[in-house]
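A.B. asks: Take a look at target13.txt, compact mmCIF, C-alpha atoms:
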# COMPACT_ATOMS: atom_id res chain seq x y z
CA MET A 80 -105.68 -5.91 -7.32
CA SER A 81 -104.18 -3.37 -4.94
CA GLN A 82 -106.26 -4.49 -1.94
CA ILE A 83 -104.83 -8.01 -2.29
CA ASP A 84 -101.32 -6.75 -2.92
CA ASP A 85 -101.45 -4.72 0.30
CA LEU A 86 -102.05 -7.82 2.44
CA PRO A 87 -99.08 -9.27 4.36
CA PRO A 88 -97.30 -12.30 2.83
CA LEU A 89 -98.97 -15.61 3.62
CA ARG A 90 -95.96 -16.93 5.52
CA GLU A 91 -96.22 -13.95 7.86
CA VAL A 92 -99.95 -14.57 8.30
CA ILE A 93 -99.34 -18.24 9.11
CA ALA A 94 -96.66 -17.33 11.65
CA GLU A 95 -98.75 -14.57 13.23
CA HIS A 96 -101.77 -16.82 13.78
CA GLY A 97 -99.87 -20.04 14.54
CA LEU A 98 -101.43 -21.88 11.62
CA ARG A 99 -99.59 -25.18 11.65
CA ALA A 100 -101.38 -27.43 9.15
CA LYS A 101 -103.27 -30.21 10.91
CA LYS A 102 -103.07 -33.68 9.38
CA GLU A 103 -106.36 -34.69 10.97
CA LEU A 104 -108.07 -31.91 9.00
CA GLY A 105 -106.39 -32.93 5.75
CA GLN A 106 -104.66 -29.55 5.56
CA ASN A 107 -101.86 -28.73 3.12
CA PHE A 108 -101.53 -24.99 2.52
CA LEU A 109 -100.71 -23.42 -0.85
CA LEU A 110 -98.45 -20.39 -0.50
CA ASP A 111 -97.20 -19.92 -4.10
CA MET A 112 -99.31 -17.09 -5.51
CA ASN A 113 -98.30 -17.93 -9.08
CA LEU A 114 -99.72 -21.43 -8.58
CA THR A 115 -102.91 -20.25 -6.90
CA ALA A 116 -103.46 -17.77 -9.74
CA ARG A 117 -103.03 -20.62 -12.23
CA ILE A 118 -105.66 -22.68 -10.39
CA ALA A 119 -108.04 -19.72 -10.32
CA ARG A 120 -107.75 -19.34 -14.11
CA VAL A 121 -108.50 -22.97 -15.02
CA SER A 122 -112.25 -22.41 -15.30
CA GLY A 123 -111.87 -19.24 -17.40
CA SER A 124 -112.72 -15.65 -16.56
CA LEU A 125 -114.21 -15.17 -13.09
CA GLU A 126 -115.76 -11.79 -13.86
CA GLY A 127 -119.33 -11.77 -12.54
CA VAL A 128 -118.95 -15.26 -11.02
CA ARG A 129 -119.69 -16.36 -7.47
CA VAL A 130 -117.05 -18.86 -6.33
CA ILE A 131 -117.51 -21.39 -3.53
CA GLU A 132 -114.23 -22.42 -1.93
CA VAL A 133 -113.89 -25.30 0.54
CA GLY A 134 -111.04 -25.37 3.02
CA PRO A 135 -109.40 -21.99 2.30
CA GLY A 136 -106.99 -22.26 5.24
CA PRO A 137 -104.99 -19.02 5.50
CA GLY A 138 -106.46 -17.84 2.19
CA GLY A 139 -103.82 -18.34 -0.52
CA LEU A 140 -106.30 -19.50 -3.17
CA THR A 141 -108.93 -17.11 -1.77
CA ARG A 142 -106.66 -14.16 -2.56
CA ALA A 143 -106.09 -15.46 -6.09
CA LEU A 144 -109.82 -15.90 -6.75
CA LEU A 145 -110.50 -12.32 -5.70
CA ALA A 146 -107.51 -10.98 -7.62
CA GLU A 147 -108.76 -12.78 -10.76
CA GLY A 148 -112.02 -10.85 -10.52
CA ALA A 149 -114.53 -13.16 -8.83
CA ARG A 150 -117.67 -11.22 -8.01
CA GLU A 151 -117.83 -12.90 -4.63
CA VAL A 152 -116.13 -15.79 -2.84
CA ILE A 153 -117.99 -17.93 -0.31
CA ALA A 154 -115.32 -19.70 1.75
CA ILE A 155 -116.25 -22.63 4.01
CA GLU A 156 -113.69 -23.24 6.76
CA ARG A 157 -113.93 -25.72 9.61
CA ASP A 158 -110.75 -24.66 11.42
CA PRO A 159 -111.45 -21.64 13.67
CA ARG A 160 -107.71 -20.82 13.76
CA CYS A 161 -107.95 -19.71 10.11
CA LEU A 162 -110.83 -17.29 10.58
CA PRO A 163 -108.73 -14.22 11.61
CA ALA A 164 -106.52 -14.62 8.51
CA LEU A 165 -109.61 -14.83 6.29
CA ALA A 166 -111.12 -11.83 8.07
CA GLN A 167 -108.08 -9.79 6.97
CA ILE A 168 -108.85 -10.64 3.34
CA ALA A 169 -112.54 -9.83 3.80
CA GLU A 170 -111.61 -6.44 5.23
CA ALA A 171 -109.36 -5.72 2.25
CA CYS A 172 -112.14 -6.66 -0.23
CA PRO A 173 -115.35 -5.27 1.25
CA GLY A 174 -118.48 -7.17 0.25
CA ARG A 175 -116.62 -9.76 -1.84
CA LEU A 176 -115.66 -12.46 0.70
CA THR A 177 -118.09 -14.28 2.96
CA VAL A 178 -116.61 -16.82 5.36
CA ILE A 179 -118.79 -19.65 6.68
CA SER A 180 -117.42 -21.37 9.76
CA GLY A 181 -118.67 -24.94 9.46
CA ASP A 182 -118.36 -28.47 8.15
CA ALA A 183 -118.13 -28.71 4.36
CA LEU A 184 -119.77 -32.15 4.41
CA GLU A 185 -122.88 -30.74 6.09
CA THR A 186 -123.29 -27.66 3.89
CA ASP A 187 -126.27 -27.23 1.54
CA TYR A 188 -124.37 -25.85 -1.43
CA ARG A 189 -127.42 -25.22 -3.58
CA LEU A 190 -128.47 -22.50 -1.13
CA LEU A 191 -125.15 -20.73 -1.70
CA ALA A 192 -125.54 -20.46 -5.47
CA ASP A 193 -126.46 -17.04 -6.80
CA GLY A 194 -126.15 -16.43 -10.53
CA PRO A 195 -123.14 -18.02 -12.26
CA THR A 196 -121.52 -20.16 -9.57
CA ARG A 197 -118.39 -22.31 -9.64
CA ILE A 198 -116.63 -24.40 -7.02
CA ILE A 199 -112.85 -23.88 -6.95
CA ALA A 200 -110.93 -25.41 -4.07
CA ASN A 201 -107.79 -27.03 -2.74
CA LEU A 202 -109.91 -29.66 -1.01
CA PRO A 203 -108.91 -31.18 2.33
CA TYR A 204 -107.76 -34.60 1.12
CA ASN A 205 -109.58 -36.53 3.83
CA ILE A 206 -113.01 -35.38 2.58
CA ALA A 207 -112.28 -34.71 -1.09
CA THR A 208 -113.92 -37.81 -2.59
CA PRO A 209 -117.15 -37.66 -0.54
CA LEU A 210 -117.51 -33.96 -1.39
CA LEU A 211 -117.09 -34.63 -5.11
CA THR A 212 -119.50 -37.57 -5.02
CA GLY A 213 -122.09 -35.38 -3.32
CA TRP A 214 -121.76 -32.69 -5.98
CA LEU A 215 -121.92 -35.23 -8.83
CA THR A 216 -125.05 -36.93 -7.48
CA THR A 217 -127.02 -33.74 -6.91
CA ASP A 218 -130.51 -33.69 -8.43
CA PRO A 219 -132.05 -32.28 -10.50
CA TRP A 220 -129.38 -32.25 -13.19
CA PRO A 221 -127.84 -30.22 -14.89
CA ALA A 222 -126.36 -29.01 -11.65
CA TRP A 223 -126.56 -25.56 -10.09
CA PHE A 224 -122.81 -25.05 -10.64
CA GLU A 225 -121.09 -24.11 -13.89
CA SER A 226 -117.96 -26.12 -13.17
CA LEU A 227 -115.77 -27.72 -10.51
CA THR A 228 -112.04 -26.98 -10.31
CA LEU A 229 -110.58 -29.09 -7.53
CA MET A 230 -107.27 -30.28 -6.14
CA PHE A 231 -106.92 -34.02 -5.44
CA GLN A 232 -104.20 -36.53 -4.85
CA ARG A 233 -102.98 -37.54 -8.31
CA GLU A 234 -104.24 -41.10 -7.80
CA VAL A 235 -107.77 -39.84 -7.11
CA ALA A 236 -107.60 -37.43 -10.05
CA GLU A 237 -106.77 -40.35 -12.35
CA ARG A 238 -109.76 -42.31 -11.04
CA ILE A 239 -112.08 -39.36 -11.69
CA CYS A 240 -110.93 -38.91 -15.28
CA ALA A 241 -110.42 -42.60 -16.16
CA LYS A 242 -112.11 -44.19 -19.17
CA ALA A 243 -112.89 -47.83 -19.96
CA ASN A 244 -109.78 -50.03 -20.05
CA ASP A 245 -107.73 -47.55 -17.99
CA ASP A 246 -106.14 -49.08 -14.90
CA ALA A 247 -107.78 -46.43 -12.68
CA TYR A 248 -111.30 -46.93 -14.13
CA GLY A 249 -113.96 -47.67 -11.54
CA ARG A 250 -117.15 -46.42 -9.96
CA LEU A 251 -115.88 -42.84 -9.60
CA GLY A 252 -114.87 -42.69 -13.26
CA VAL A 253 -118.29 -43.95 -14.36
CA LEU A 254 -120.07 -41.35 -12.20
CA ALA A 255 -117.87 -38.47 -13.37
CA GLY A 256 -117.98 -39.65 -16.99
CA TRP A 257 -121.77 -39.89 -16.92
CA ARG A 258 -122.47 -36.40 -15.66
CA THR A 259 -119.41 -34.33 -16.59
CA ASP A 260 -116.59 -33.77 -19.00
CA ALA A 261 -113.60 -34.22 -16.69
CA ARG A 262 -109.93 -33.56 -17.35
CA ILE A 263 -106.72 -33.21 -15.39
CA ALA A 264 -105.63 -29.59 -15.88
CA PHE A 265 -102.11 -30.00 -14.47
CA ASN A 266 -100.07 -31.79 -11.81
CA VAL A 267 -98.82 -30.11 -8.65
CA GLY A 268 -95.62 -31.33 -6.97
CA ARG A 269 -95.28 -32.04 -3.28
CA GLN A 270 -93.05 -29.03 -2.63
CA ALA A 271 -95.82 -26.60 -3.62
CA PHE A 272 -97.54 -27.29 -0.28
CA THR A 273 -96.80 -26.49 3.34
CA PRO A 274 -96.24 -29.08 4.72
CA PRO A 275 -95.41 -31.19 1.63
CA PRO A 276 -97.77 -34.20 1.37
CA ASN A 277 -96.43 -37.66 0.60
CA VAL A 278 -97.99 -37.72 -2.87
CA THR A 279 -98.19 -35.74 -6.10
CA SER A 280 -101.41 -33.80 -6.54
CA ALA A 281 -103.43 -32.70 -9.56
CA VAL A 282 -106.04 -30.08 -10.41
CA VAL A 283 -109.16 -31.55 -12.02
CA HIS A 284 -111.68 -29.52 -14.00
CA LEU A 285 -115.21 -30.89 -14.41
CA VAL A 286 -117.97 -29.32 -16.52
CA PRO A 287 -121.54 -30.66 -16.15
CA LYS A 288 -123.10 -32.28 -19.22
CA ALA A 289 -126.65 -31.42 -20.27
CA ILE A 290 -127.86 -35.02 -20.10
CA ALA A 291 -131.30 -36.62 -20.01
CA GLY A 292 -132.64 -37.39 -16.56
CA ASP A 293 -133.70 -40.95 -17.36
CA VAL A 294 -131.18 -42.67 -15.08
CA ALA A 295 -131.57 -42.65 -11.30
CA VAL A 296 -128.38 -42.15 -9.33
CA LYS A 297 -129.28 -45.02 -6.96
CA ASP A 298 -129.77 -47.41 -9.89
CA LEU A 299 -126.42 -46.54 -11.46
CA GLU A 300 -124.76 -46.91 -8.07
CA GLN A 301 -126.31 -50.36 -7.63
CA ILE A 302 -125.02 -51.50 -11.02
CA THR A 303 -121.50 -50.14 -10.57
CA ARG A 304 -121.26 -51.42 -6.98
CA ALA A 305 -122.04 -54.93 -8.18
CA ALA A 306 -119.83 -54.79 -11.28
CA PHE A 307 -116.74 -53.29 -9.66
CA GLY A 308 -117.25 -55.06 -6.32
CA GLN A 309 -115.89 -58.18 -8.01
CA ARG A 310 -113.95 -56.53 -10.79
CA ARG A 311 -111.80 -59.56 -11.57
CA LYS A 312 -114.88 -61.62 -12.39
CA MET A 313 -116.82 -61.60 -15.64
CA VAL A 314 -119.90 -59.40 -15.44
CA ARG A 315 -122.15 -62.46 -15.86
CA GLN A 316 -121.01 -63.34 -12.33
CA SER A 317 -120.49 -59.97 -10.70
CA LEU A 318 -123.87 -58.57 -11.75
CA LYS A 319 -125.68 -61.31 -9.81
CA ALA A 320 -125.19 -59.04 -6.79
CA THR A 321 -127.87 -56.72 -8.21
CA GLY A 322 -130.53 -59.33 -7.39
CA VAL A 323 -132.20 -59.07 -10.80
CA PRO A 324 -132.00 -61.46 -13.81
CA VAL A 325 -128.49 -60.96 -15.20
CA GLU A 326 -129.47 -61.96 -18.74
CA GLY A 327 -131.82 -58.99 -18.87
CA LEU A 328 -129.00 -56.63 -17.94
CA LEU A 329 -126.62 -58.15 -20.47
CA THR A 330 -129.21 -57.98 -23.24
CA VAL A 331 -130.05 -54.28 -22.83
CA ALA A 332 -126.35 -53.39 -22.74
CA GLY A 333 -125.43 -55.60 -25.71
CA LEU A 334 -122.96 -57.64 -23.64
CA LYS A 335 -121.91 -61.25 -23.98
CA GLY A 336 -121.25 -61.63 -20.28
CA ASP A 337 -117.58 -62.54 -20.45
CA GLU A 338 -116.49 -58.90 -20.18
CA ARG A 339 -115.08 -57.43 -16.98
CA ALA A 340 -116.31 -54.20 -15.42
CA GLU A 341 -113.23 -52.16 -16.34
CA GLU A 342 -113.84 -52.93 -20.04
CA LEU A 343 -117.34 -51.46 -20.16
CA PRO A 344 -117.92 -47.89 -21.38
CA VAL A 345 -120.08 -45.56 -19.32
CA GLU A 346 -123.01 -46.02 -21.72
CA ALA A 347 -123.17 -49.76 -20.97
CA PHE A 348 -123.63 -49.02 -17.26
CA LEU A 349 -126.29 -46.43 -18.08
CA LYS A 350 -128.26 -48.88 -20.22
CA MET A 351 -128.28 -51.40 -17.39
CA ALA A 352 -129.27 -48.76 -14.85
CA ARG A 353 -132.20 -47.67 -17.04
CA ALA A 354 -133.43 -51.25 -17.21
CA LEU A 355 -133.04 -51.95 -13.49
CA PRO A 356 -136.46 -50.73 -12.27
CA GLU A 357 -138.37 -52.89 -14.78
CA LEU A 358 -136.19 -55.93 -14.08
CA ARG A 359 -136.83 -55.51 -10.35
CA ARG A 360 -140.57 -55.65 -11.00
CA GLY A 361 -140.02 -58.86 -12.97
Write out the structure in this file as structure tokens.
C.D. replies:
Amino acid sequence: MSQIDDLPPLREVIAEHGLRAKKELGQNFLLDMNLTARIARVSGSLEGVRVIEVGPGPGGLTRALLAEGAREVIAIERDPRCLPALAQIAEACPGRLTVISGDALETDYRLLADGPTRIIANLPYNIATPLLTGWLTTDPWPAWFESLTLMFQREVAERICAKANDDAYGRLGVLAGWRTDARIAFNVGRQAFTPPPNVTSAVVHLVPKAIAGDVAVKDLEQITRAAFGQRRKMVRQSLKATGVPVEGLLTVAGLKGDERAEELPVEAFLKMARALPELRRG
């Protein structure tokens, strides 16, 4: 779009405003417009869509989201140094970019949804997992967002998308597998960022499932915390941490008890979580 094309190059913007990425804020800026356009396209056409972006920094991905046709972008930025750079983009795209200066972990995202809404972000790595967990545990479900397209460290991306018997399978994989269809869209090398992080990154795309609401988040969390808290032990032992009769849990899930947590499919955890309230009552 011509308004975006008329903006100064990102490197000039960063130099003008002295935007050295701060490690304590988990900042790694994306300056490659071909890459940011690729990220923006992962979730499909953005025509008519409101996009929520967390941690836009100088606005590389923000520009791509607007150029790809997003109806509106709501950008949440904690670093006040970035606000003038984002204001330039807002001026070039009147009425299509709203910048919220605040803490992404304290934002009520449901209030920002308006019509078809997606979250697309190069997340600050130091808050990426808590943000995702918050979005995945929102109730009621299905969620208020159409999809999540998010940048993580590759190791975290693998945990999100892991299935039973994968080395990376754990509590995060169970949560994401329960409520979404999650996939790694593509990897992103270190040199794509300024400054380059120490690890490879990956873009993960998650689409909410239309699932029954018969499992409470807190019950599933209690089961997975116990099972994976002692992941080297057989579940007959590790599930004792739930404080309910273990045989009842094993029976409802069709388990023998000699399995380990990483061997259990998501459905086994869900069956145990459904049974937890009754087993608590005894």
A.B. asks: For atom CA of Trp257 of chain A and atom CA of Thr216 of chain A, quote the distance in Å rounded to one decimal.
C.D. replies: 10.4 Å
A.B. asks: Once you count only C-alpha atoms, which residues end up no further than 12 Å from (-133.9, -53.7, -9.3) in the file's frame, shown as a list in words?
C.D. replies: Ala295, Lys297, Asp298, Leu299, Glu300, Gln301, Ile302, Ala305, Leu318, Lys319, Ala320, Thr321, Gly322, Val323, Pro324, Val325, Gly327, Leu328, Met351, Ala352, Arg353, Ala354, Leu355, Pro356, Glu357, Leu358, Arg359, Arg360 and Gly361 of chain A
A.B. asks: At a cut-off of 7 Å, can you tabulate as a Markdown table every residue of segment 259-278 of chain A near segment 108-123 of chain A together with its closest atom pair and the distance in Å to one decimal, using all atoms listed in the file and ordering rows by chain then number?
C.D. replies:
| residue | atom | partner | partner_atom | distance |
| --- | --- | --- | --- | --- |
| A:Ala271 | CA | A:Leu109 | CA | 6.5 |
| A:Phe272 | CA | A:Leu109 | CA | 5.0 |
| A:Thr273 | CA | A:Phe108 | CA | 5.0 |
A.B. asks: Which distance in Å separates atom CA of Cys161 of chain A and atom CA of Arg142 of chain A, to one decimal?
C.D. replies: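 Interatomic distance here is 13.9 Å.
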A.B. asks: Just checking: using all atoms listed in the file, which residue out of A:Gly213, A:Pro221, A:Pro275, A:Gly308 ends up closest to Gly249 of chain A?
C.D. replies: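 Residue with the minimum atom-to-atom distance to Gly249 of chain A: A:Gly308.
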A.B. asks: In terms of the shortest atom-to-atom distance over all atoms listed in the file, which of A:Glu95, A:Ser124, A:Ile168, A:Leu215 is closest to Thr141 of chain A?
C.D. replies: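 The answer is A:Ile168, which sits nearest to Thr141 of chain A.
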A.B. asks: Using only C-alpha atoms, which residue out of A:Ala166, A:Val278, A:Leu125, A:Val314 lies closest to Leu334 of chain A?
C.D. replies: A:Val314
A.B. asks: Determine, using all atoms listed in the file, which residues of segment 121-236 of chain A have any atom at most 10 Å from an atom of segment 85-92 of chain A, and tabulate each with its shortest atom pair and distance in Å to one decimal place, rows ordered by chain and then rising number, as CSV.
C.D. replies:
residue,atom,partner,partner_atom,distance
A:Pro137,CA,A:Leu89,CA,7.2
A:Gly138,CA,A:Leu89,CA,7.9
A:Gly139,CA,A:Leu89,CA,6.9
A:Arg142,CA,A:Leu86,CA,9.3
A:Cys161,CA,A:Val92,CA,9.7
A:Pro163,CA,A:Val92,CA,9.4
A:Ala164,CA,A:Val92,CA,6.6
A:Leu165,CA,A:Val92,CA,9.9
A:Gln167,CA,A:Leu86,CA,7.8
A:Ile168,CA,A:Leu86,CA,7.4
A:Ala171,CA,A:Leu86,CA,7.6
A.B. asks: Counting only C-alpha atoms, what is within 6 Å of segment 156-158 of chain A, bar same-chain residues fewer than 5 positions away, as a list of chain:residue names?
C.D. replies: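 The neighbour list is A:Gly134, A:Ser180, A:Gly181, A:Asp182.
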A.B. asks: Taking only C-alpha atoms into account, name the residue in A:Phe231, A:Ala247, A:Leu254, A:Leu176 that is nearest to Trp214 of chain A.
C.D. replies: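 Nearest to Trp214 of chain A: A:Leu254.
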A.B. asks: Pick out the residues sitting within 9 Å of Glu132 of chain A, and hand them over as a PyMOL selection string; count all atoms listed in the file, and ignore anything fewer than 6 positions along from it in its own chain.
C.D. replies: chain A and resi 140-141+152-156+197-202
A.B. asks: Env of segment 240-244 of chain A: 7 Å cut, atoms = all atoms listed in the file, seq-sep filter 2 positions within chain, self excluded. Answer as a PDB file with C-alpha atoms, keeping the file's coordinate frame.
C.D. replies:
ATOM      1  CA  ALA A 236    -107.600 -37.430 -10.050  1.00  0.00           C
ATOM      2  CA  GLU A 237    -106.770 -40.350 -12.350  1.00  0.00           C
ATOM      3  CA  ARG A 238    -109.760 -42.310 -11.040  1.00  0.00           C
ATOM      4  CA  ASP A 246    -106.140 -49.080 -14.900  1.00  0.00           C
ATOM      5  CA  ALA A 247    -107.780 -46.430 -12.680  1.00  0.00           C
ATOM      6  CA  TYR A 248    -111.300 -46.930 -14.130  1.00  0.00           C
ATOM      7  CA  GLY A 252    -114.870 -42.690 -13.260  1.00  0.00           C
ATOM      8  CA  ALA A 261    -113.600 -34.220 -16.690  1.00  0.00           C
ATOM      9  CA  ARG A 262    -109.930 -33.560 -17.350  1.00  0.00           C
ATOM     10  CA  GLU A 341    -113.230 -52.160 -16.340  1.00  0.00           C
ATOM     11  CA  GLU A 342    -113.840 -52.930 -20.040  1.00  0.00           C
ATOM     12  CA  LEU A 343    -117.340 -51.460 -20.160  1.00  0.00           C
ATOM     13  CA  PRO A 344    -117.920 -47.890 -21.380  1.00  0.00           C
TER      14      PRO A 344
END
A.B. asks: One decimal, Å: what's the distance from atom CA of Asn266 of chain A over to atom CA of Leu229 of chain A, could you say?
C.D. replies: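 Between these atoms lies a distance of 11.7 Å.
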A.B. asks: A:Gly336, A:Pro219, A:Gly127, A:Gly148: which is nearest Ala289 of chain A, counting all atoms listed in the file?
C.D. replies: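 Residue with the minimum atom-to-atom distance to Ala289 of chain A: A:Pro219.
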